[in-house]
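Peer 1: Just so it is clear, I am handing over final.pdb, which has PDB, C-alpha atoms.
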```
ATOM      1  CA  MET J   1       0.000   0.000   0.000
ATOM      2  CA  ASN J   2       1.099   3.541  -0.735
ATOM      3  CA  THR J   3      -0.200   6.812   0.729
ATOM      4  CA  ILE J   4       0.160  10.306  -0.665
ATOM      5  CA  GLU J   5      -1.188  13.571   0.684
ATOM      6  CA  VAL J   6      -2.956  16.141  -1.462
ATOM      7  CA  LYS J   7      -3.586  19.654  -0.207
ATOM      8  CA  ILE J   8      -6.771  21.117  -1.652
ATOM      9  CA  TYR J   9      -6.254  24.452  -3.392
ATOM     10  CA  TYR J  10      -8.767  26.885  -4.851
ATOM     11  CA  GLU J  11      -8.076  25.501  -8.344
ATOM     12  CA  ASP J  12      -9.334  22.082  -7.172
ATOM     13  CA  THR J  13     -12.746  23.355  -6.127
ATOM     14  CA  ASP J  14     -16.027  24.503  -7.580
ATOM     15  CA  CYS J  15     -17.833  27.725  -6.689
ATOM     16  CA  GLY J  16     -18.821  26.242  -3.308
ATOM     17  CA  ASN J  17     -15.200  25.485  -2.302
ATOM     18  CA  VAL J  18     -15.921  21.751  -2.684
ATOM     19  CA  VAL J  19     -13.502  19.601  -4.676
ATOM     20  CA  TYR J  20     -14.789  19.224  -8.224
ATOM     21  CA  TYR J  21     -15.688  15.555  -8.665
ATOM     22  CA  ALA J  22     -13.387  14.877 -11.648
ATOM     23  CA  ASN J  23     -10.314  16.031  -9.721
ATOM     24  CA  TYR J  24     -10.413  12.815  -7.695
ATOM     25  CA  LEU J  25      -9.335  11.050 -10.894
ATOM     26  CA  LYS J  26      -6.155  13.154 -10.881
ATOM     27  CA  TYR J  27      -5.483  12.290  -7.245
ATOM     28  CA  MET J  28      -5.898   8.600  -8.056
ATOM     29  CA  GLU J  29      -3.446   8.920 -10.953
ATOM     30  CA  ARG J  30      -0.903  10.525  -8.645
ATOM     31  CA  GLY J  31      -1.404   7.689  -6.172
ATOM     32  CA  ARG J  32      -0.841   5.034  -8.852
ATOM     33  CA  THR J  33       2.256   6.806 -10.157
ATOM     34  CA  GLU J  34       3.745   6.986  -6.656
ATOM     35  CA  PHE J  35       2.761   3.374  -5.927
ATOM     36  CA  LEU J  36       4.688   2.217  -8.988
ATOM     37  CA  ALA J  37       7.653   4.462  -8.126
ATOM     38  CA  ASP J  38       7.744   3.032  -4.597
ATOM     39  CA  HIS J  39       7.983  -0.417  -6.190
ATOM     40  CA  GLY J  40      10.876   0.640  -8.431
ATOM     41  CA  PHE J  41       9.009   1.568 -11.620
ATOM     42  CA  LYS J  42       8.972   5.040 -13.122
ATOM     43  CA  VAL J  43       6.084   5.496 -15.539
ATOM     44  CA  SER J  44       8.373   7.355 -17.960
ATOM     45  CA  ASP J  45      10.905   4.483 -17.943
ATOM     46  CA  LEU J  46       8.162   1.914 -18.577
ATOM     47  CA  ALA J  47       6.901   3.983 -21.524
ATOM     48  CA  ALA J  48      10.430   4.300 -22.929
ATOM     49  CA  GLN J  49      10.646   0.485 -22.776
ATOM     50  CA  GLY J  50       7.377   0.100 -24.676
ATOM     51  CA  THR J  51       5.045  -0.532 -21.736
ATOM     52  CA  VAL J  52       2.129   1.838 -21.300
ATOM     53  CA  PHE J  53      -0.950   1.558 -19.081
ATOM     54  CA  VAL J  54      -4.365   2.859 -20.084
ATOM     55  CA  VAL J  55      -7.448   3.070 -17.898
ATOM     56  CA  SER J  56     -10.132   0.694 -19.149
ATOM     57  CA  ARG J  57     -12.579   1.114 -16.267
ATOM     58  CA  CYS J  58     -12.969   3.406 -13.301
ATOM     59  CA  GLU J  59     -15.527   3.489 -10.517
ATOM     60  CA  ILE J  60     -15.744   6.043  -7.717
ATOM     61  CA  ASN J  61     -18.076   6.013  -4.737
ATOM     62  CA  TYR J  62     -18.237   9.492  -3.242
ATOM     63  CA  ARG J  63     -18.897   9.362   0.507
ATOM     64  CA  SER J  64     -18.372  13.005   1.562
ATOM     65  CA  SER J  65     -16.908  16.187   0.129
ATOM     66  CA  ALA J  66     -13.381  17.486   0.442
ATOM     67  CA  HIS J  67     -13.076  21.263   0.820
ATOM     68  CA  LEU J  68     -10.693  24.112   0.143
ATOM     69  CA  GLY J  69      -7.759  24.086   2.583
ATOM     70  CA  GLU J  70      -8.108  20.458   3.643
ATOM     71  CA  THR J  71      -5.448  17.846   3.075
ATOM     72  CA  ILE J  72      -6.565  14.438   1.937
ATOM     73  CA  SER J  73      -4.753  11.122   2.171
ATOM     74  CA  VAL J  74      -4.941   8.941  -0.907
ATOM     75  CA  LYS J  75      -4.196   5.285  -0.187
ATOM     76  CA  THR J  76      -3.431   3.108  -3.211
ATOM     77  CA  TRP J  77      -2.880  -0.613  -3.588
ATOM     78  CA  ILE J  78      -3.227  -3.319  -6.204
ATOM     79  CA  ALA J  79      -6.286  -5.483  -5.617
ATOM     80  CA  GLU J  80      -5.776  -7.797  -8.604
ATOM     81  CA  VAL J  81      -3.132  -8.637 -11.192
ATOM     82  CA  THR J  82      -3.872 -10.462 -14.434
ATOM     83  CA  ARG J  83      -1.619 -11.201 -17.402
ATOM     84  CA  SER J  84      -2.386  -7.835 -18.965
ATOM     85  CA  SER J  85      -4.098  -5.655 -16.365
ATOM     86  CA  LEU J  86      -3.815  -4.208 -12.878
ATOM     87  CA  LEU J  87      -6.807  -3.381 -10.692
ATOM     88  CA  PHE J  88      -5.894  -0.499  -8.399
ATOM     89  CA  SER J  89      -7.970   0.307  -5.327
ATOM     90  CA  HIS J  90      -8.003   3.713  -3.664
ATOM     91  CA  THR J  91      -9.423   5.275  -0.544
ATOM     92  CA  MET J  92      -9.381   9.008   0.041
ATOM     93  CA  THR J  93      -9.802  10.365   3.554
ATOM     94  CA  ASP J  94      -9.498  13.721   5.277
ATOM     95  CA  LYS J  95      -6.063  13.764   6.920
ATOM     96  CA  ALA J  96      -7.206  15.637  10.055
ATOM     97  CA  SER J  97     -10.365  13.727  10.888
ATOM     98  CA  GLY J  98     -10.025  10.444   9.002
ATOM     99  CA  ARG J  99     -13.432  11.085   7.402
ATOM    100  CA  LEU J 100     -13.944   8.877   4.343
ATOM    101  CA  ILE J 101     -14.255  10.990   1.215
ATOM    102  CA  ALA J 102     -14.208   8.435  -1.604
ATOM    103  CA  GLU J 103     -13.502   4.823  -2.470
ATOM    104  CA  ALA J 104     -12.464   3.930  -5.988
ATOM    105  CA  GLN J 105     -11.103   1.286  -8.305
ATOM    106  CA  ALA J 106      -9.413   1.660 -11.659
ATOM    107  CA  ARG J 107      -8.450  -1.135 -14.030
ATOM    108  CA  LEU J 108      -5.387  -0.368 -16.108
ATOM    109  CA  VAL J 109      -4.552  -2.438 -19.170
ATOM    110  CA  CYS J 110      -0.986  -2.889 -20.342
ATOM    111  CA  VAL J 111      -0.470  -1.929 -23.994
ATOM    112  CA  ASP J 112       2.415  -1.398 -26.389
ATOM    113  CA  PRO J 113       3.094   2.019 -27.965
ATOM    114  CA  ASN J 114       0.587   1.186 -30.722
ATOM    115  CA  GLY J 115      -2.189   0.482 -28.232
ATOM    116  CA  LYS J 116      -2.130  -3.310 -28.622
ATOM    117  CA  ILE J 117      -2.744  -5.233 -25.394
ATOM    118  CA  LYS J 118       0.363  -6.975 -24.102
ATOM    119  CA  ARG J 119       1.533  -8.908 -21.059
ATOM    120  CA  ILE J 120       2.642  -6.989 -18.013
ATOM    121  CA  PRO J 121       6.406  -7.368 -17.611
ATOM    122  CA  SER J 122       7.058 -10.221 -15.168
ATOM    123  CA  GLU J 123       9.252  -8.075 -12.918
ATOM    124  CA  LEU J 124       6.402  -5.602 -12.484
ATOM    125  CA  GLN J 125       3.915  -8.397 -11.776
ATOM    126  CA  GLU J 126       6.203  -9.829  -9.097
ATOM    127  CA  ARG J 127       7.071  -6.571  -7.321
ATOM    128  CA  ALA J 128       3.733  -4.808  -7.536
ATOM    129  CA  GLY J 129       1.455  -7.787  -7.037
TER
END
```
Now that the file is in, can you turn its structure into structure tokens?
Peer 2:
Amino acid sequence: MNTIEVKIYYEDTDCGNVVYYANYLKYMERGRTEFLADHGFKVSDLAAQGTVFVVSRCEINYRSSAHLGETISVKTWIAEVTRSSLLFSHTMTDKASGRLIAEAQARLVCVDPNGKIKRIPSELQERAG
């Protein structure tokens, strides 16, 4: 499991100082990128080696709102590994109170630079799974 913290700025919010719903997708992406880095894989290095991940499915359950000035914790882990995909799970909570903000899952499919599905490199399967 990996945890990152995201401070909520004005640019993250709507006119009511509530985080705009689509921004949670960005926080999840940051969490996945840091998860992979913590396991020894830079996304840019994988891409240079011909391994790219694309989101094929995403589901978010919003439980409460995050607001301007808060800091949220984004926890990320891999719930499932197949030959060609990774299922990432995420929880987002308010750092100060622990209040649950959102739960999410995103399935990423491994593709080559031309977008053709390929096997996940074995080293990545072993270390991340």
Peer 1: Expand the PyMOL selection byres ((chain J and resi 37-45) around 12) into the individual residues it matches in the shown file, reporting them as a PyMOL selection string.
Peer 2: chain J and resi 1-4+29-36+46-54+76-78+110+121+123-129
Peer 1: Hey, can you check how far CA of Ile8 in chain J sits from CA of Ser56 in chain J?
Peer 2: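 Separating CA of Ile8 in chain J from CA of Ser56 in chain J is a distance of 27.1 Å.
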Peer 1: If you take every atom of range 49-53 of chain J that the file lists and fit an axis-aligned box around them with 8 Å extra on each side, what centre and edge lengths come out in Å to one decimal, as JSON?
Peer 2:
```
{"center_x": 4.8, "center_y": 0.7, "center_z": -21.9, "size_x": 27.6, "size_y": 18.4, "size_z": 21.6}
```
Peer 1: Name every residue that the PyMOL selection byres ((chain J and resi 86-98) around 7) selects in this structure, writing the answer as a PyMOL selection string with chains first and numbers rising.
Peer 2: chain J and resi 28+71-82+85+99-109
Peer 1: Could you check which of J:Gly69, J:Val18, J:Leu25, J:Glu11 is closest to Val55 in chain J, using all atoms listed in the file?
Peer 2: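 Closest to Val55 in chain J of all the choices is J:Leu25.
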Peer 1: Measuring between only C-alpha atoms, which one of J:Ser122, J:Pro113, J:Glu59, J:Ala66 shows the shortest distance to Asp14 in chain J?
Peer 2: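 Closest to Asp14 in chain J of all the choices is J:Ala66.
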Peer 1: Using all atoms listed in the file for the distances, tell me which of J:Arg83, J:Cys58, J:Leu68, J:Ile120 is nearest to Gly16 in chain J.
Peer 2: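 Counting all atoms listed in the file, the residue closest to Gly16 in chain J is J:Leu68.
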Peer 1: Between CA of Lys7 in chain J and CA of Tyr20 in chain J, measure the distance and give it in Å to one decimal.
Peer 2: 13.8 Å
Peer 1: Distance CA of Lys26 in chain J-CA of Asp12 in chain J, one decimal place?
Peer 2: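 Distance reported for this atom pair: 10.2 Å.
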Peer 1: Pick out the closest residue to Ser65 in chain J from this set: J:Tyr9, J:Asn17, J:Arg119, J:Ser84. Count all atoms listed in the file.
Peer 2: J:Asn17
Peer 1: Go through J:Glu70, J:Lys118, J:Val111, J:Val6 and flag the residue nearest Tyr24 in chain J, using all atoms listed in the file for the distances.
Peer 2: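 Nearest candidate to Tyr24 in chain J out of J:Glu70, J:Lys118, J:Val111, J:Val6: J:Val6.
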